[in-house]
file query39.txt (compact mmCIF, C-alpha atoms)
# COMPACT_ATOMS: atom_id res chain seq x y z
CA MET S 1 0.21 -6.44 -0.31
CA SER S 2 -0.48 -8.68 2.65
CA PRO S 3 -2.75 -7.08 5.22
CA VAL S 4 -1.07 -5.57 8.27
CA VAL S 5 -2.98 -6.58 11.41
CA LEU S 6 -2.50 -4.79 14.72
CA ILE S 7 -3.20 -6.76 17.88
CA GLY S 8 -2.90 -5.93 21.56
CA TYR S 9 -4.86 -5.07 24.65
CA MET S 10 -7.58 -2.42 24.67
CA GLY S 11 -6.02 0.99 24.97
CA ALA S 12 -2.74 -0.03 23.31
CA GLY S 13 -3.39 2.37 20.41
CA LYS S 14 -4.40 -0.11 17.69
CA THR S 15 -7.06 2.11 16.13
CA THR S 16 -5.14 5.39 16.51
CA ILE S 17 -1.91 3.98 15.08
CA GLY S 18 -3.69 1.76 12.54
CA ARG S 19 -5.66 4.63 11.05
CA GLN S 20 -2.47 6.69 10.57
CA LEU S 21 -0.54 3.69 9.23
CA ALA S 22 -3.23 3.06 6.60
CA LEU S 23 -3.22 6.74 5.66
CA ASN S 24 0.57 6.74 5.21
CA MET S 25 0.48 3.48 3.22
CA LYS S 26 -2.46 4.77 1.14
CA VAL S 27 -4.57 1.70 1.92
CA ASP S 28 -7.93 1.13 3.61
CA PHE S 29 -8.24 0.87 7.39
CA TYR S 30 -10.61 -1.53 9.13
CA ASP S 31 -11.28 -1.66 12.85
CA LEU S 32 -12.69 -5.18 13.25
CA ASP S 33 -15.24 -4.14 15.89
CA TRP S 34 -16.50 -1.29 13.67
CA TYR S 35 -16.64 -3.67 10.71
CA ILE S 36 -18.77 -6.11 12.71
CA GLU S 37 -21.07 -3.31 13.92
CA ASP S 38 -21.49 -2.01 10.38
CA ARG S 39 -22.16 -5.45 8.89
CA PHE S 40 -24.72 -6.44 11.52
CA ARG S 41 -26.09 -2.97 12.22
CA LYS S 42 -25.72 -3.52 15.95
CA LYS S 43 -23.23 -2.36 18.58
CA ILE S 44 -20.83 -4.96 20.01
CA PRO S 45 -22.45 -4.90 23.51
CA GLN S 46 -25.83 -5.63 21.89
CA ILE S 47 -24.39 -8.56 19.92
CA PHE S 48 -22.75 -9.85 23.13
CA ALA S 49 -26.08 -9.56 24.97
CA GLU S 50 -27.99 -11.39 22.23
CA LYS S 51 -25.48 -14.11 21.32
CA GLY S 52 -23.35 -14.41 24.47
CA GLU S 53 -19.57 -14.39 24.35
CA GLU S 54 -19.37 -17.71 22.52
CA GLY S 55 -21.73 -16.52 19.78
CA PHE S 56 -19.91 -13.21 19.48
CA ARG S 57 -16.48 -14.87 19.26
CA ASP S 58 -17.69 -17.14 16.47
CA LEU S 59 -19.08 -14.16 14.56
CA GLU S 60 -15.85 -12.24 15.21
CA ARG S 61 -13.79 -15.15 13.82
CA ARG S 62 -15.86 -15.24 10.63
CA MET S 63 -15.52 -11.47 10.14
CA LEU S 64 -11.78 -11.68 10.86
CA HIS S 65 -11.42 -14.24 8.08
CA GLU S 66 -13.35 -11.90 5.79
CA VAL S 67 -11.23 -8.78 6.36
CA ALA S 68 -7.96 -10.74 6.38
CA GLU S 69 -8.71 -11.73 2.78
CA PHE S 70 -8.83 -8.08 1.66
CA GLU S 71 -5.83 -6.73 -0.23
CA ASP S 72 -4.04 -3.52 0.73
CA VAL S 73 -5.50 -3.02 4.21
CA VAL S 74 -4.52 -2.30 7.78
CA VAL S 75 -6.74 -4.02 10.34
CA SER S 76 -7.09 -3.29 14.04
CA CYS S 77 -8.41 -6.29 16.01
CA GLY S 78 -10.34 -6.25 19.25
CA GLY S 79 -8.18 -7.04 22.28
CA GLY S 80 -9.61 -10.54 22.66
CA THR S 81 -9.64 -11.51 18.98
CA PRO S 82 -6.22 -13.26 18.94
CA CYS S 83 -7.14 -15.35 21.99
CA PHE S 84 -9.92 -17.48 20.50
CA PHE S 85 -10.08 -20.39 18.07
CA ASP S 86 -7.04 -20.53 15.79
CA ASN S 87 -7.20 -16.79 15.11
CA MET S 88 -3.49 -16.08 15.72
CA ASP S 89 -2.33 -19.01 13.61
CA TYR S 90 -4.68 -17.94 10.83
CA LEU S 91 -3.52 -14.31 11.02
CA ASN S 92 0.16 -15.29 11.00
CA ALA S 93 -0.38 -17.48 7.94
CA ARG S 94 -2.24 -14.77 6.00
CA THR S 95 -1.06 -11.38 7.30
CA GLU S 96 1.72 -9.35 8.88
CA THR S 97 0.81 -9.34 12.59
CA VAL S 98 2.09 -6.59 14.87
CA TRP S 99 1.61 -6.69 18.64
CA LEU S 100 1.40 -3.22 20.15
CA ARG S 101 2.83 -4.21 23.52
CA ALA S 102 2.22 -1.87 26.43
CA THR S 103 2.65 -2.09 30.19
CA PRO S 104 -0.42 -2.11 32.44
CA GLU S 105 0.45 1.47 33.43
CA VAL S 106 0.52 2.66 29.80
CA LEU S 107 -2.74 0.85 29.06
CA GLN S 108 -4.39 2.37 32.11
CA ALA S 109 -3.21 5.86 31.12
CA HIS S 110 -4.57 5.40 27.58
CA LEU S 111 -7.89 4.00 28.81
CA GLY S 112 -8.21 7.04 31.08
CA MET S 113 -7.70 9.35 28.09
CA GLY S 114 -10.05 7.45 25.79
CA LYS S 115 -13.42 8.75 24.80
CA SER S 116 -15.10 5.42 24.08
CA VAL S 117 -17.17 3.53 26.62
CA ARG S 118 -15.65 0.14 27.37
CA PRO S 119 -18.15 -2.10 29.17
CA LEU S 120 -15.46 -4.43 30.56
CA ILE S 121 -13.89 -1.66 32.63
CA GLN S 122 -16.83 0.63 33.37
CA GLY S 123 -17.19 1.56 37.03
CA LYS S 124 -13.82 0.19 38.14
CA THR S 125 -11.66 2.16 40.56
CA PRO S 126 -8.09 2.88 39.38
CA GLU S 127 -6.82 0.03 41.57
CA GLU S 128 -9.46 -2.40 40.28
CA LEU S 129 -8.69 -1.36 36.71
CA HIS S 130 -4.96 -1.94 37.19
CA ASP S 131 -5.58 -5.40 38.68
CA PHE S 132 -8.02 -6.23 35.87
CA ILE S 133 -5.48 -5.24 33.20
CA VAL S 134 -2.67 -7.22 34.86
CA GLU S 135 -4.84 -10.34 35.11
CA SER S 136 -6.17 -10.00 31.55
CA LEU S 137 -2.67 -9.55 30.15
CA ARG S 138 -1.52 -12.68 31.97
CA THR S 139 -4.00 -14.77 29.97
CA ARG S 140 -3.73 -12.89 26.67
CA GLU S 141 0.02 -12.30 26.32
CA PRO S 142 0.80 -15.90 25.22
CA PHE S 143 -1.47 -15.30 22.22
CA TYR S 144 -0.19 -11.78 21.51
CA ALA S 145 3.40 -13.04 21.72
CA LYS S 146 2.81 -15.18 18.62
CA ALA S 147 2.76 -12.00 16.49
CA LYS S 148 5.44 -11.73 13.81
CA HIS S 149 6.45 -8.25 15.01
CA ILE S 150 6.36 -6.46 18.37
CA ILE S 151 6.34 -2.70 18.95
CA ASP S 152 6.66 -1.42 22.52
CA ILE S 153 4.21 1.41 23.14
CA GLU S 154 4.69 4.26 25.60
CA VAL S 155 1.96 6.70 26.66
CA ILE S 156 0.98 8.55 23.48
CA HIS S 157 0.72 12.30 23.94
CA THR S 158 1.68 13.65 20.51
CA LYS S 159 1.19 13.15 16.79
CA GLU S 160 4.97 12.77 16.52
CA GLN S 161 4.84 9.67 18.71
CA ILE S 162 2.11 8.18 16.53
CA ASP S 163 4.19 8.98 13.43
CA LYS S 164 7.22 7.25 14.96
CA TYR S 165 5.23 4.07 15.69
CA VAL S 166 3.78 4.17 12.18
CA LYS S 167 7.28 4.49 10.69
CA ASP S 168 8.54 1.62 12.86
CA ILE S 169 5.67 -0.66 11.83
CA ALA S 170 6.04 0.27 8.17
CA SER S 171 9.74 -0.59 8.21
CA LEU S 172 9.15 -3.89 10.06
CA THR S 173 6.47 -5.04 7.67
CA ALA S 174 7.79 -3.49 4.43
CA ASN S 175 9.77 -6.53 3.31
CA ASN S 176 6.75 -8.80 3.57
CA THR S 177 3.81 -6.71 2.38
CA HIS S 178 4.65 -6.32 -1.28

call {"tool": "encode", "arguments": {"input": "query39.txt", "output": "structure tokens"}}
result
Amino acid sequence: MSPVVLIGYMGAGKTTIGRQLALNMKVDFYDLDWYIEDRFRKKIPQIFAEKGEEGFRDLERRMLHEVAEFEDVVVSCGGGTPCFFDNMDYLNARTETVWLRATPEVLQAHLGMGKSVRPLIQGKTPEELHDFIVESLRTREPFYAKAKHIIDIEVIHTKEQIDKYVKDIASLTANNTH
């Protein structure tokens, strides 16, 4: 089956939904950031600090090409991954891309619930965070919009919501993943 690749802004639910989608499809799940950290035995912020954004994005592109060649996988990309090099064109040629589209308000709610530390938003007031999300989306949405499929995400409070998104993605991609 062609890989299913979830893209979207941080906090959209790519890892949460991707993990459940892979479980339901009985395939492996890869979070691209985790894959990079595991391969290089360093955390993303450390790689960023050592290589700079340009060096990190090049490394990210190479690792993206690696995981997109795997069979029977669901992949969750970092929020910026689709926005560099020819990553979206490559993904669309090789995989089933799904944009988890969410409003700035939904993203902000999810980021507030999240347990992971996100260096890009650390220390921002709620107003600063909202403005940051709006501005980031303005530059990233043209890339995200190239995805083959789009799922609109609401604030996720329950397992039932996750299951519904998983079912929706599975039905959208089913015709093209076998």

call {"tool": "atom_distance", "arguments": {"input": "query39.txt", "atom1": "CA of Thr95 in chain S", "atom2": "CA of Val67 in chain S"}}
result
10.5 Å

call {"tool": "closest_atom_pairs", "arguments": {"input": "query39.txt", "of": "range 68-144 of chain S", "to": "range 163-175 of chain S", "cutoff": "10 Å", "atoms": "all atoms listed in the file", "output": "Markdown table"}}
result
| residue | atom | partner | partner_atom | distance |
| --- | --- | --- | --- | --- |
| S:Thr95 | CA | S:Thr173 | CA | 9.9 |
| S:Glu96 | CA | S:Thr173 | CA | 6.5 |
| S:Thr97 | CA | S:Thr173 | CA | 8.6 |
| S:Val98 | CA | S:Ile169 | CA | 7.6 |
| S:Trp99 | CA | S:Ile169 | CA | 10.0 |
| S:Leu100 | CA | S:Tyr165 | CA | 9.4 |

call {"tool": "residues_around", "arguments": {"input": "query39.txt", "residues": "Gln46 in chain S", "least_positions_apart": "3", "cutoff": "12 Å", "atoms": "all atoms listed in the file", "output": "number ranges by chain"}}
result
S: 36-37, 40-43, 49-53, 55-56, 119

call {"tool": "closest_residue", "arguments": {"input": "query39.txt", "among": "S:Asp72, S:Glu154, S:Glu141, S:Glu160", "to": "Tyr9 in chain S", "atoms": "all atoms listed in the file"}}
result
S:Glu141

call {"tool": "closest_residue", "arguments": {"input": "query39.txt", "among": "S:Leu6, S:Phe70, S:Lys26, S:Phe132", "to": "Met88 in chain S", "atoms": "only C-alpha atoms"}}
result
S:Leu6

call {"tool": "axis_aligned_box", "arguments": {"input": "query39.txt", "around": "range 164-169 of chain S", "padding_each_side": "6 Å", "output": "lines of an AutoDock Vina configuration file"}}
result
center_x = 6.2
center_y = 3.3
center_z = 13.2
size_x = 16.8
size_y = 19.9
size_z = 17.0

call {"tool": "residues_near_point", "arguments": {"input": "query39.txt", "point": "(-7.7, 3.9, 4.8)", "cutoff": "12 Å", "atoms": "all atoms listed in the file", "output": "PyMOL selection string"}}
result
chain S and resi 15+17-31+71-76

call {"tool": "atom_distance", "arguments": {"input": "query39.txt", "atom1": "CA of Glu69 in chain S", "atom2": "CA of Asp89 in chain S"}}
result
14.5 Å

call {"tool": "atom_distance", "arguments": {"input": "query39.txt", "atom1": "CA of Gly13 in chain S", "atom2": "CA of Gly123 in chain S"}}
result
21.6 Å

call {"tool": "closest_residue", "arguments": {"input": "query39.txt", "among": "S:Val5, S:Leu59, S:Ala12, S:Lys146", "to": "Gly112 in chain S", "atoms": "all atoms listed in the file"}}
result
S:Ala12

call {"tool": "closest_residue", "arguments": {"input": "query39.txt", "among": "S:Ser116, S:Ser2, S:Thr103, S:Gln161", "to": "Ser136 in chain S", "atoms": "all atoms listed in the file"}}
result
S:Thr103

call {"tool": "closest_residue", "arguments": {"input": "query39.txt", "among": "S:Ala145, S:Met63, S:Glu135, S:Asp58", "to": "Ile7 in chain S", "atoms": "only C-alpha atoms"}}
result
S:Ala145

call {"tool": "closest_residue", "arguments": {"input": "query39.txt", "among": "S:Thr139, S:Thr81, S:Asn92, S:Gln108", "to": "Gly11 in chain S", "atoms": "all atoms listed in the file"}}
result
S:Gln108

call {"tool": "decode", "arguments": {"input": "query39.txt", "residues": "range 119-133 of chain S", "atoms": "all heavy atoms", "output": "short mmCIF file (atom, residue, chain, number, x, y, z; two decimals), in the first residue's frame"}}
result
data_model
loop_
_atom_site.label_atom_id
_atom_site.label_comp_id
_atom_site.auth_asym_id
_atom_site.auth_seq_id
_atom_site.Cartn_x
_atom_site.Cartn_y
_atom_site.Cartn_z
N PRO S 119 9.59 24.50 21.24
CA PRO S 119 10.44 25.69 21.35
C PRO S 119 9.92 26.92 20.60
O PRO S 119 10.09 28.04 21.07
CB PRO S 119 11.78 25.22 20.75
CG PRO S 119 11.77 23.74 20.89
CD PRO S 119 10.32 23.32 20.78
N LEU S 120 9.27 26.72 19.46
CA LEU S 120 8.79 27.86 18.67
C LEU S 120 7.75 28.70 19.41
O LEU S 120 7.58 29.87 19.11
CB LEU S 120 8.17 27.37 17.36
CG LEU S 120 9.12 26.97 16.24
CD1 LEU S 120 8.33 26.43 15.06
CD2 LEU S 120 9.98 28.14 15.81
N ILE S 121 7.03 28.10 20.34
CA ILE S 121 5.93 28.83 20.99
C ILE S 121 6.14 29.03 22.48
O ILE S 121 5.30 29.62 23.13
CB ILE S 121 4.58 28.12 20.73
CG1 ILE S 121 4.57 26.72 21.31
CG2 ILE S 121 4.26 28.12 19.24
CD1 ILE S 121 3.20 26.06 21.32
N GLN S 122 7.26 28.55 22.99
CA GLN S 122 7.52 28.66 24.43
C GLN S 122 7.56 30.11 24.87
O GLN S 122 8.14 30.97 24.22
CB GLN S 122 8.87 27.99 24.75
CG GLN S 122 8.82 27.14 25.96
CD GLN S 122 10.12 26.35 26.15
OE1 GLN S 122 10.97 26.30 25.28
NE2 GLN S 122 10.26 25.75 27.30
N GLY S 123 6.88 30.41 25.99
CA GLY S 123 6.93 31.74 26.57
C GLY S 123 6.01 32.76 25.93
O GLY S 123 6.02 33.93 26.32
N LYS S 124 5.22 32.37 24.96
CA LYS S 124 4.31 33.32 24.30
C LYS S 124 3.02 33.45 25.12
O LYS S 124 2.52 32.48 25.66
CB LYS S 124 3.97 32.84 22.88
CG LYS S 124 5.15 32.93 21.92
CD LYS S 124 4.69 32.74 20.49
CE LYS S 124 5.75 32.84 19.45
NZ LYS S 124 7.00 33.46 19.71
N THR S 125 2.51 34.68 25.18
CA THR S 125 1.20 34.90 25.81
C THR S 125 0.14 34.31 24.87
O THR S 125 0.42 34.08 23.68
CB THR S 125 0.92 36.41 25.99
OG1 THR S 125 0.78 36.99 24.68
CG2 THR S 125 2.01 37.11 26.79
N PRO S 126 -1.08 34.10 25.35
CA PRO S 126 -2.13 33.59 24.45
C PRO S 126 -2.31 34.47 23.21
O PRO S 126 -2.49 33.95 22.11
CB PRO S 126 -3.38 33.59 25.33
CG PRO S 126 -2.85 33.38 26.72
CD PRO S 126 -1.54 34.14 26.74
N GLU S 127 -2.24 35.79 23.37
CA GLU S 127 -2.41 36.68 22.23
C GLU S 127 -1.24 36.54 21.25
O GLU S 127 -1.44 36.50 20.03
CB GLU S 127 -2.51 38.14 22.69
CG GLU S 127 -3.74 38.46 23.53
CD GLU S 127 -3.63 37.98 24.99
OE1 GLU S 127 -2.50 37.76 25.50
OE2 GLU S 127 -4.69 37.80 25.63
N GLU S 128 -0.03 36.48 21.78
CA GLU S 128 1.16 36.31 20.93
C GLU S 128 1.10 34.97 20.20
O GLU S 128 1.44 34.88 19.02
CB GLU S 128 2.44 36.36 21.77
CG GLU S 128 2.76 37.74 22.31
CD GLU S 128 3.90 37.73 23.33
OE1 GLU S 128 4.15 36.68 23.97
OE2 GLU S 128 4.52 38.79 23.50
N LEU S 129 0.65 33.93 20.90
CA LEU S 129 0.55 32.61 20.29
C LEU S 129 -0.46 32.63 19.14
O LEU S 129 -0.19 32.12 18.06
CB LEU S 129 0.14 31.56 21.34
CG LEU S 129 -0.05 30.14 20.81
CD1 LEU S 129 1.22 29.64 20.11
CD2 LEU S 129 -0.44 29.20 21.95
N HIS S 130 -1.61 33.25 19.37
CA HIS S 130 -2.63 33.32 18.32
C HIS S 130 -2.08 34.05 17.09
O HIS S 130 -2.22 33.57 15.96
CB HIS S 130 -3.89 34.02 18.84
CG HIS S 130 -5.01 34.01 17.86
ND1 HIS S 130 -5.20 35.04 16.95
CD2 HIS S 130 -5.98 33.10 17.60
CE1 HIS S 130 -6.24 34.75 16.19
NE2 HIS S 130 -6.73 33.58 16.56
N ASP S 131 -1.43 35.19 17.31
CA ASP S 131 -0.86 35.95 16.19
C ASP S 131 0.21 35.14 15.45
O ASP S 131 0.30 35.16 14.23
CB ASP S 131 -0.26 37.28 16.68
CG ASP S 131 -1.33 38.24 17.17
OD1 ASP S 131 -2.53 38.01 16.90
OD2 ASP S 131 -0.97 39.24 17.83
N PHE S 132 1.03 34.41 16.22
CA PHE S 132 2.09 33.59 15.65
C PHE S 132 1.49 32.49 14.76
O PHE S 132 1.95 32.26 13.64
CB PHE S 132 2.94 32.97 16.77
CG PHE S 132 4.04 32.07 16.28
CD1 PHE S 132 5.23 32.62 15.81
CD2 PHE S 132 3.88 30.69 16.28
CE1 PHE S 132 6.25 31.79 15.36
CE2 PHE S 132 4.90 29.87 15.82
CZ PHE S 132 6.08 30.41 15.36
N ILE S 133 0.44 31.83 15.26
CA ILE S 133 -0.22 30.77 14.49
C ILE S 133 -0.82 31.34 13.20
O ILE S 133 -0.63 30.78 12.12
CB ILE S 133 -1.30 30.06 15.33
CG1 ILE S 133 -0.65 29.27 16.48
CG2 ILE S 133 -2.15 29.14 14.47
CD1 ILE S 133 -1.64 28.76 17.53
#
